[in-house]
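Shown next: input.tsv, containing TSV, C-alpha atoms.
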```tsv
chain	number	residue	atom	x	y	z
A	28	MET	CA	50.32	49.95	-37.21
A	29	THR	CA	47.53	47.48	-37.91
A	30	ASP	CA	44.00	48.50	-36.99
A	31	PRO	CA	42.65	45.73	-34.69
A	32	GLU	CA	39.24	45.85	-36.34
A	33	GLN	CA	40.82	45.46	-39.80
A	34	THR	CA	42.70	42.45	-38.44
A	35	LEU	CA	39.35	40.96	-37.40
A	36	ARG	CA	37.83	41.59	-40.83
A	37	GLU	CA	40.75	39.86	-42.56
A	38	HIS	CA	40.55	36.92	-40.15
A	39	LEU	CA	36.82	36.52	-40.71
A	40	ALA	CA	37.34	36.61	-44.48
A	41	ARG	CA	39.86	33.78	-44.23
A	42	LEU	CA	37.49	31.75	-42.08
A	43	ALA	CA	34.62	32.29	-44.49
A	44	ASP	CA	36.67	30.83	-47.34
A	45	GLU	CA	37.16	27.64	-45.33
A	46	VAL	CA	33.51	27.13	-44.42
A	47	ALA	CA	31.22	24.98	-46.58
A	48	THR	CA	29.04	26.76	-49.11
A	49	GLY	CA	25.93	28.19	-47.49
A	50	ALA	CA	27.41	28.93	-44.07
A	51	PRO	CA	25.99	32.37	-43.20
A	52	LEU	CA	28.30	35.18	-42.14
A	53	ALA	CA	26.41	37.31	-39.66
A	54	GLN	CA	26.52	41.03	-39.71
A	55	ARG	CA	28.40	42.57	-36.85
A	56	ALA	CA	26.31	42.88	-33.74
A	57	ARG	CA	25.55	46.46	-32.97
A	58	ALA	CA	24.90	47.85	-29.50
A	59	GLY	CA	24.38	51.51	-28.91
A	60	ARG	CA	22.33	54.53	-29.64
A	61	ARG	CA	21.10	55.45	-33.10
A	62	ARG	CA	21.59	59.12	-33.79
A	63	ARG	CA	19.84	61.18	-36.46
A	64	LEU	CA	23.17	62.47	-37.73
A	65	ARG	CA	24.91	59.13	-37.94
A	66	GLY	CA	24.74	55.38	-37.67
A	67	ARG	CA	27.58	54.60	-35.31
A	68	LEU	CA	30.01	51.75	-35.64
A	69	GLY	CA	30.09	49.77	-32.35
A	70	THR	CA	33.36	49.53	-30.46
A	71	ALA	CA	35.03	47.16	-32.86
A	72	ALA	CA	31.91	45.02	-32.40
A	73	VAL	CA	32.79	41.54	-33.50
A	74	ALA	CA	31.27	39.78	-36.44
A	75	VAL	CA	30.21	36.27	-35.44
A	76	LEU	CA	30.65	33.32	-37.75
A	77	VAL	CA	27.93	30.67	-37.47
A	78	VAL	CA	29.01	27.36	-38.97
A	79	ALA	CA	26.12	25.64	-40.69
A	80	GLY	CA	25.07	22.46	-38.94
A	81	ALA	CA	27.73	22.79	-36.24
A	82	GLY	CA	25.77	25.10	-33.95
A	83	ALA	CA	28.98	26.74	-32.67
A	84	VAL	CA	29.88	30.41	-32.56
A	85	THR	CA	33.53	31.36	-32.98
A	86	VAL	CA	34.57	34.69	-31.52
A	87	PRO	CA	37.85	35.70	-33.15
A	88	ARG	CA	40.58	37.07	-30.91
A	89	PRO	CA	42.65	40.11	-31.79
A	90	ASP	CA	45.62	37.86	-32.52
A	91	GLY	CA	43.61	35.82	-35.01
A	92	SER	CA	42.90	32.71	-32.93
A	93	GLY	CA	39.42	31.58	-31.91
A	94	ALA	CA	37.81	31.90	-28.50
A	95	PRO	CA	35.45	29.20	-27.17
A	96	PRO	CA	31.78	29.41	-28.15
A	97	SER	CA	29.45	31.66	-26.21
A	98	PRO	CA	27.33	29.95	-23.53
A	99	GLY	CA	24.45	27.94	-24.92
A	100	GLY	CA	25.93	27.43	-28.36
A	101	ALA	CA	24.84	29.50	-31.33
A	102	THR	CA	23.11	32.79	-30.60
A	103	PRO	CA	19.60	32.83	-32.11
A	104	ALA	CA	19.63	34.60	-35.47
A	105	ALA	CA	17.00	37.07	-36.59
A	106	ARG	CA	16.14	38.74	-39.85
A	107	ALA	CA	17.61	42.21	-40.17
A	108	PRO	CA	15.57	44.94	-41.87
A	109	ASP	CA	17.55	44.45	-45.10
A	110	GLY	CA	16.81	40.72	-45.07
A	111	ALA	CA	20.31	39.62	-44.10
A	112	SER	CA	20.91	37.18	-41.27
A	113	GLU	CA	22.01	38.99	-38.13
A	114	VAL	CA	23.25	37.34	-34.94
A	115	ARG	CA	21.90	39.08	-31.89
A	116	GLY	CA	24.07	39.71	-28.87
A	117	GLY	CA	27.57	39.34	-30.26
A	118	TYR	CA	30.76	40.61	-28.70
A	119	ARG	CA	32.58	43.92	-28.69
A	120	LEU	CA	36.21	44.84	-28.16
A	121	GLU	CA	37.19	46.70	-24.98
A	122	VAL	CA	40.64	48.29	-24.67
A	123	TRP	CA	42.64	49.30	-21.60
A	124	ARG	CA	46.11	50.56	-22.57
A	125	ASP	CA	47.05	47.84	-25.11
A	126	LEU	CA	45.02	45.09	-23.47
A	127	GLY	CA	42.10	44.02	-25.64
A	128	VAL	CA	39.30	41.71	-24.52
A	129	TYR	CA	35.93	40.74	-25.97
A	130	VAL	CA	32.76	41.05	-23.91
A	131	PRO	CA	29.06	40.58	-24.70
A	132	ALA	CA	27.84	43.63	-26.63
A	133	THR	CA	24.78	43.92	-24.39
A	134	TRP	CA	26.88	44.70	-21.32
A	135	GLY	CA	27.24	48.18	-19.87
A	136	TRP	CA	30.17	49.95	-18.21
A	137	GLY	CA	31.21	50.94	-14.71
A	138	GLY	CA	34.03	50.90	-12.18
A	139	ALA	CA	36.59	48.40	-10.93
A	140	PRO	CA	38.64	47.97	-7.73
A	141	GLY	CA	41.08	50.82	-7.26
A	142	ALA	CA	38.50	53.59	-7.63
A	143	CYS	CA	35.14	54.67	-6.23
A	144	GLY	CA	32.07	52.96	-7.62
A	145	VAL	CA	32.75	49.28	-8.29
A	146	PHE	CA	29.41	48.67	-9.97
A	147	PRO	CA	27.71	49.34	-13.32
A	148	THR	CA	26.89	52.97	-14.06
A	149	ARG	CA	26.15	52.99	-17.81
A	150	GLY	CA	23.97	50.90	-20.07
A	151	ALA	CA	25.04	49.32	-23.36
A	152	ASP	CA	24.06	52.51	-25.21
A	153	GLY	CA	26.05	54.72	-22.83
A	154	HIS	CA	23.12	56.19	-20.91
A	155	ARG	CA	23.45	56.75	-17.17
A	156	LEU	CA	21.67	53.99	-15.25
A	157	GLY	CA	18.77	55.16	-13.16
A	158	GLU	CA	17.86	54.00	-9.68
A	159	GLY	CA	16.89	50.33	-9.75
A	160	GLU	CA	18.01	49.93	-13.37
A	161	THR	CA	20.37	47.07	-14.14
A	162	VAL	CA	22.37	45.55	-17.00
A	163	PRO	CA	23.15	41.94	-18.06
A	164	GLY	CA	26.80	42.57	-17.10
A	165	TYR	CA	29.37	45.34	-17.23
A	166	VAL	CA	32.97	46.24	-18.02
A	167	GLY	CA	34.71	48.07	-15.20
A	168	ARG	CA	37.85	50.18	-15.21
A	169	PRO	CA	39.56	51.62	-12.11
A	170	VAL	CA	38.08	55.05	-12.81
A	171	ALA	CA	35.96	56.82	-10.18
A	172	GLN	CA	32.28	56.62	-11.08
A	173	VAL	CA	31.00	58.62	-8.11
A	174	PRO	CA	32.45	61.59	-6.18
A	175	ARG	CA	32.20	59.82	-2.83
A	176	CYS	CA	33.11	56.21	-2.20
A	177	PRO	CA	30.15	54.23	-0.85
A	178	LYS	CA	30.73	51.72	1.91
A	179	PRO	CA	31.73	48.29	0.53
A	180	GLN	CA	28.74	46.05	0.02
A	181	GLY	CA	29.01	42.51	1.30
A	182	GLY	CA	27.72	39.40	-0.40
A	183	ARG	CA	28.17	38.02	-3.88
A	184	PRO	CA	27.75	40.00	-7.13
A	185	THR	CA	24.38	40.45	-8.77
A	186	VAL	CA	25.54	40.75	-12.41
A	187	PRO	CA	28.58	39.34	-14.26
A	188	TYR	CA	31.53	41.67	-14.80
A	189	VAL	CA	34.91	42.15	-16.42
A	190	TRP	CA	37.44	44.38	-14.66
A	191	LEU	CA	40.30	45.79	-16.70
A	192	GLY	CA	43.39	46.90	-14.79
A	193	GLY	CA	41.68	46.55	-11.41
A	194	HIS	CA	43.73	46.00	-8.28
A	195	VAL	CA	42.97	42.29	-8.11
A	196	PRO	CA	45.47	39.46	-7.38
A	197	VAL	CA	45.89	36.82	-10.07
A	198	GLY	CA	44.01	33.61	-9.29
A	199	THR	CA	40.56	32.13	-8.70
A	200	VAL	CA	38.16	33.07	-5.91
A	201	ASP	CA	34.98	31.20	-4.97
A	202	LEU	CA	32.39	33.90	-4.22
A	203	GLY	CA	29.72	31.41	-3.14
A	204	GLY	CA	26.40	30.46	-4.65
A	205	GLY	CA	28.11	29.23	-7.82
A	206	TRP	CA	29.80	32.60	-8.50
A	207	VAL	CA	33.49	32.43	-9.34
A	208	GLN	CA	35.98	35.23	-9.98
A	209	GLN	CA	39.04	34.54	-12.13
A	210	THR	CA	41.95	36.92	-12.78
A	211	ARG	CA	44.72	36.61	-15.37
A	212	SER	CA	47.75	38.75	-16.10
A	213	ILE	CA	48.16	39.72	-19.77
A	214	GLY	CA	51.19	41.78	-20.74
A	215	GLY	CA	51.62	43.03	-17.20
A	216	MET	CA	47.95	44.02	-16.89
A	217	THR	CA	45.12	42.14	-15.23
A	218	VAL	CA	41.73	41.11	-16.54
A	219	THR	CA	39.17	39.79	-14.06
A	220	VAL	CA	35.93	38.00	-14.85
A	221	GLY	CA	33.21	37.28	-12.33
A	222	SER	CA	30.30	35.02	-13.28
A	223	PRO	CA	28.57	31.77	-12.30
A	224	ASP	CA	28.97	30.63	-15.93
A	225	ALA	CA	32.30	28.82	-16.45
A	226	HIS	CA	31.88	28.87	-20.22
A	227	LEU	CA	31.43	32.65	-20.26
A	228	ARG	CA	34.45	33.18	-18.01
A	229	ARG	CA	36.60	31.00	-20.25
A	230	SER	CA	35.38	32.70	-23.44
A	231	ILE	CA	36.24	36.16	-22.15
A	232	LEU	CA	39.57	35.27	-20.55
A	233	THR	CA	40.83	33.40	-23.61
A	234	SER	CA	40.00	36.40	-25.82
A	235	ALA	CA	42.27	38.71	-23.82
A	236	ALA	CA	45.48	39.69	-25.61
A	237	VAL	CA	47.89	42.55	-26.13
A	238	ILE	CA	46.77	44.27	-29.34
A	239	PRO	CA	47.88	47.13	-31.61
A	240	THR	CA	45.99	50.29	-30.75
A	241	GLY	CA	46.17	52.06	-34.11
A	242	PRO	CA	46.42	55.85	-33.78
A	243	CYS	CA	46.04	55.66	-29.99
A	244	SER	CA	49.41	55.67	-28.24
A	245	THR	CA	49.28	53.51	-25.13
A	246	THR	CA	51.06	56.07	-22.96
A	247	LEU	CA	52.01	59.70	-23.49
A	248	ALA	CA	54.62	61.81	-21.71
A	249	SER	CA	52.64	64.98	-22.54
A	250	PRO	CA	49.08	65.72	-23.74
A	251	PRO	CA	48.16	64.64	-27.28
A	252	THR	CA	48.53	67.17	-30.07
A	253	ALA	CA	46.34	67.84	-33.09
A	254	ASP	CA	47.71	67.27	-36.58
A	255	GLU	CA	46.40	67.49	-40.12
A	256	VAL	CA	47.74	65.66	-43.17
A	257	SER	CA	46.48	66.76	-46.58
A	258	THR	CA	47.08	65.07	-49.90
A	259	GLY	CA	47.80	66.77	-53.19
A	260	ASP	CA	44.14	66.38	-54.14
A	261	SER	CA	42.57	67.96	-51.10
A	262	SER	CA	42.75	70.79	-48.63
A	263	ALA	CA	41.30	71.46	-45.18
A	264	ALA	CA	38.28	73.04	-46.83
A	265	THR	CA	37.48	69.92	-48.86
A	266	PHE	CA	38.36	67.31	-46.24
A	267	VAL	CA	35.85	64.42	-46.14
A	268	PRO	CA	36.31	62.02	-43.19
A	269	ASP	CA	35.97	58.28	-43.64
A	270	ARG	CA	35.66	57.33	-39.95
A	271	MET	CA	36.84	58.37	-36.49
A	272	THR	CA	38.93	56.74	-33.77
A	273	VAL	CA	38.43	58.03	-30.23
A	274	CYS	CA	41.37	57.75	-27.82
A	275	ALA	CA	40.68	58.69	-24.18
A	276	TYR	CA	43.52	59.51	-21.78
A	277	ARG	CA	43.71	60.01	-18.03
A	278	PRO	CA	46.74	61.43	-16.19
A	279	THR	CA	49.21	59.25	-14.31
A	280	GLY	CA	52.17	60.19	-12.16
A	281	SER	CA	54.46	60.31	-15.20
A	282	GLY	CA	52.17	61.22	-18.10
A	283	TYR	CA	48.92	59.98	-19.59
A	284	GLN	CA	47.46	56.51	-20.04
A	285	LEU	CA	45.07	55.20	-22.68
A	286	VAL	CA	41.93	54.07	-20.87
A	287	TYR	CA	39.49	53.67	-23.76
A	288	ARG	CA	39.53	53.27	-27.53
A	289	GLN	CA	36.56	53.20	-29.89
A	290	ASP	CA	35.96	53.37	-33.64
A	291	LEU	CA	33.00	55.37	-34.97
A	292	ASP	CA	31.77	55.64	-38.52
A	293	ALA	CA	31.81	58.39	-41.14
A	294	GLY	CA	28.52	59.86	-39.92
A	295	ALA	CA	29.99	60.57	-36.48
A	296	ALA	CA	33.16	61.98	-38.07
A	297	GLU	CA	31.20	64.28	-40.38
A	298	ALA	CA	29.07	65.51	-37.47
A	299	LEU	CA	32.23	66.31	-35.51
A	300	VAL	CA	33.81	68.26	-38.38
A	301	ALA	CA	30.65	70.31	-38.82
A	302	GLY	CA	30.34	70.87	-35.06
A	303	VAL	CA	33.90	72.13	-34.68
A	304	ASP	CA	33.63	74.35	-37.76
A	305	ALA	CA	30.53	75.96	-36.25
A	306	ALA	CA	31.95	76.30	-32.72
A	307	PRO	CA	33.21	79.77	-31.69
A	308	PRO	CA	36.97	80.15	-31.25
A	309	ALA	CA	38.04	80.04	-27.61
A	310	GLY	CA	39.78	83.40	-28.03
A	311	GLU	CA	40.78	84.85	-24.68
A	312	PHE	CA	39.69	81.61	-23.02
A	313	SER	CA	42.27	79.57	-24.93
A	314	CYS	CA	44.68	77.50	-22.84
A	315	VAL	CA	48.37	77.75	-23.70
A	316	ASP	CA	50.71	74.86	-22.87
A	317	ALA	CA	47.96	73.13	-20.91
A	318	SER	CA	48.88	69.97	-19.01
A	319	GLY	CA	47.31	67.62	-16.51
A	320	GLY	CA	43.66	66.63	-16.54
A	321	GLU	CA	41.88	64.37	-19.01
A	322	TRP	CA	42.19	64.42	-22.78
A	323	ALA	CA	40.69	62.86	-25.89
A	324	LEU	CA	42.40	62.48	-29.26
A	325	LEU	CA	39.95	62.23	-32.15
A	326	HIS	CA	41.65	60.85	-35.27
A	327	LEU	CA	39.76	61.16	-38.58
A	328	PRO	CA	41.22	59.44	-41.67
A	329	GLY	CA	39.99	61.02	-44.91
A	330	GLU	CA	38.52	59.42	-48.01
A	331	ASP	CA	41.47	60.76	-50.03
A	332	GLY	CA	44.18	59.30	-47.79
A	333	GLY	CA	44.73	62.40	-45.68
A	334	SER	CA	43.74	62.75	-42.04
A	335	ARG	CA	42.69	65.27	-39.42
A	336	ASP	CA	43.05	65.21	-35.65
A	337	TYR	CA	41.15	67.07	-32.96
A	338	VAL	CA	42.32	67.23	-29.34
A	339	VAL	CA	39.89	67.76	-26.47
A	340	ASP	CA	41.18	69.28	-23.23
A	341	LEU	CA	38.47	68.64	-20.66
A	342	SER	CA	40.12	70.83	-18.04
A	343	CYS	CA	40.28	73.95	-20.20
A	344	PRO	CA	37.73	73.03	-21.69
A	345	SER	CA	38.32	73.29	-25.43
A	346	ILE	CA	38.73	71.35	-28.67
A	347	THR	CA	41.74	72.12	-30.87
A	348	ASP	CA	41.78	71.52	-34.62
A	349	GLY	CA	44.74	70.58	-36.81
A	350	THR	CA	45.75	74.23	-37.30
A	351	GLY	CA	46.14	74.73	-33.55
A	352	LEU	CA	42.99	76.87	-33.21
A	353	GLN	CA	41.07	76.20	-30.01
A	354	HIS	CA	37.26	76.15	-30.12
A	355	LEU	CA	34.70	76.16	-27.34
A	356	LEU	CA	33.13	72.82	-26.46
A	357	THR	CA	29.49	72.77	-27.48
A	358	PRO	CA	26.90	69.99	-27.71
A	359	GLU	CA	27.55	69.82	-31.47
A	360	ASP	CA	31.27	69.08	-31.08
A	361	VAL	CA	30.91	66.81	-28.03
A	362	VAL	CA	27.89	64.57	-28.73
A	363	PRO	CA	29.39	62.87	-31.86
A	364	TRP	CA	32.26	61.29	-29.88
A	365	ALA	CA	31.13	61.24	-26.23
A	366	VAL	CA	29.22	57.96	-26.51
A	367	ASP	CA	29.03	54.51	-24.96
A	368	GLY	CA	31.81	53.47	-22.57
A	369	LEU	CA	33.72	56.70	-22.96
A	370	ASN	CA	31.08	58.27	-20.73
A	371	ALA	CA	32.31	56.05	-17.88
A	372	VAL	CA	36.01	56.94	-18.17
A	373	LEU	CA	36.19	60.73	-18.64
A	374	ASP	CA	34.86	63.36	-16.27
A	375	GLY	CA	32.55	66.10	-17.37
A	376	ASN	CA	33.22	69.80	-16.79
A	377	PRO	CA	30.53	72.19	-15.52
A	378	LEU	CA	31.50	74.54	-18.37
A	379	ILE	CA	30.50	71.94	-20.98
A	380	ASP	CA	26.84	72.32	-21.91
A	381	VAL	CA	26.15	68.59	-22.32
A	382	PRO	CA	24.70	67.47	-18.97
A	383	GLY	CA	24.44	63.79	-18.16
A	384	VAL	CA	26.95	62.57	-20.75
A	385	LEU	CA	30.39	62.28	-19.14
A	386	ILE	CA	30.81	61.07	-15.55
A	387	GLY	CA	30.68	64.43	-13.83
A	388	GLY	CA	28.39	66.12	-16.35
```
Spit out the file's structure as structure tokens when you get a sec.
Amino acid sequence: MTDPEQTLREHLARLADEVATGAPLAQRARAGRRRRLRGRLGTAAVAVLVVAGAGAVTVPRPDGSGAPPSPGGATPAARAPDGASEVRGGYRLEVWRDLGVYVPATWGWGGAPGACGVFPTRGADGHRLGEGETVPGYVGRPVAQVPRCPKPQGGRPTVPYVWLGGHVPVGTVDLGGGWVQQTRSIGGMTVTVGSPDAHLRRSILTSAAVIPTGPCSTTLASPPTADEVSTGDSSAATFVPDRMTVCAYRPTGSGYQLVYRQDLDAGAAEALVAGVDAAPPAGEFSCVDASGGEWALLHLPGEDGGSRDYVVDLSCPSITDGTGLQHLLTPEDVVPWAVDGLNAVLDGNPLIDVPGVLIGG
């Protein structure tokens, strides 16, 4: 199945060939924390093509077509440390089941109608928002952000938002004061945008599409399982990961649903491999035939063409490698993948020694 980020790269390459000589191709906008062990790859953060002299920014859609320019025309460019031209801001890909939509990379994450906490709870780097702290906008999913539902707040919104899969009727609602909320149905799922900026609403809504989700199955009848594929030139002991795809699942009445997908780079993958290798086996605390609860599938393609999977059972809690051995969850085998928006879709477990990362941690 085609990797949606690879599709974007190929599309951008085709566009670059059609642009007049000298049109700069910006580096992909990056939003998120910088870790000592790795430089993370933003959630399929979108490269932005600035056409020389035109002043327009084209945000490619997952299906290869172009979304309208971002509000205000071209985003101001700045010089990156390596001297290349880098467009600030940019867009990133957000996934709910197989619905993909592009949002400003500076936005945070939070909840959506259908669950407690319909407001932003995480910043663009995944940190928990403190009292009085705000974000330029946020992406909400119908996942409880707080243990107790606060009383509904009246009045219009204070920051723009995108709700994925929220319980919102299709159509347009005038929220007053210039704020408008628009909801579309894409592949049987809804995407809602609330903002006073018509251009921003149109840009986001027209980017929404059903996309391939790579190694992340959209729905599962049972929890994900770990697997390991070696080539003739390598073994588990010599495995070198090339990158990592994080697939987060929450239970439904009939199985498990993909609620978040993110690609991370080789540094994150290498840190995970080292963390799991160093983690003690679960031993007597292993969970046999576990079901229910929340899960994460961590898929690591290797440089030699092989691959390795890890499966995280947050209810147990444990992380299972490709041989079926369960390890204890430690900061070293959680921190590499528990980043950004994932922290707003999976609950923590009091037995996991990484406070403040996942929702309940």
Selected residue, from A:Ile386, A:Ala306, A:Pro344, A:Arg277, that lies nearest to Thr357 of chain A when counting all atoms listed in the file: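 The shortest atom-to-atom distance to Thr357 of chain A comes from A:Ala306.
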Close residues, Gly205 of chain A itself excluded, 10 Å, only C-alpha atoms, min 2 positions apart in chain, as a list in words: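 Here the answer would be Arg183, Asp201, Leu202, Gly203, Val207, Ser222, Pro223, Asp224 and Ala225 of chain A.
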Given all atoms listed in the file as the counted atoms, nearest of A:Thr148, A:Thr350, A:Thr245, A:Thr217 to Val384 of chain A: A:Thr148
Straight-line distance linking atom CA of Val145 of chain A with atom CA of Leu126 of chain A, stated in Å to one decimal: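 Those two atoms sit 20.0 Å apart.
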Atom pair atom CA of Val195 of chain A / atom CA of Leu369 of chain A: separation (Å):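 Computing it gives 22.7 Å between the two atoms.
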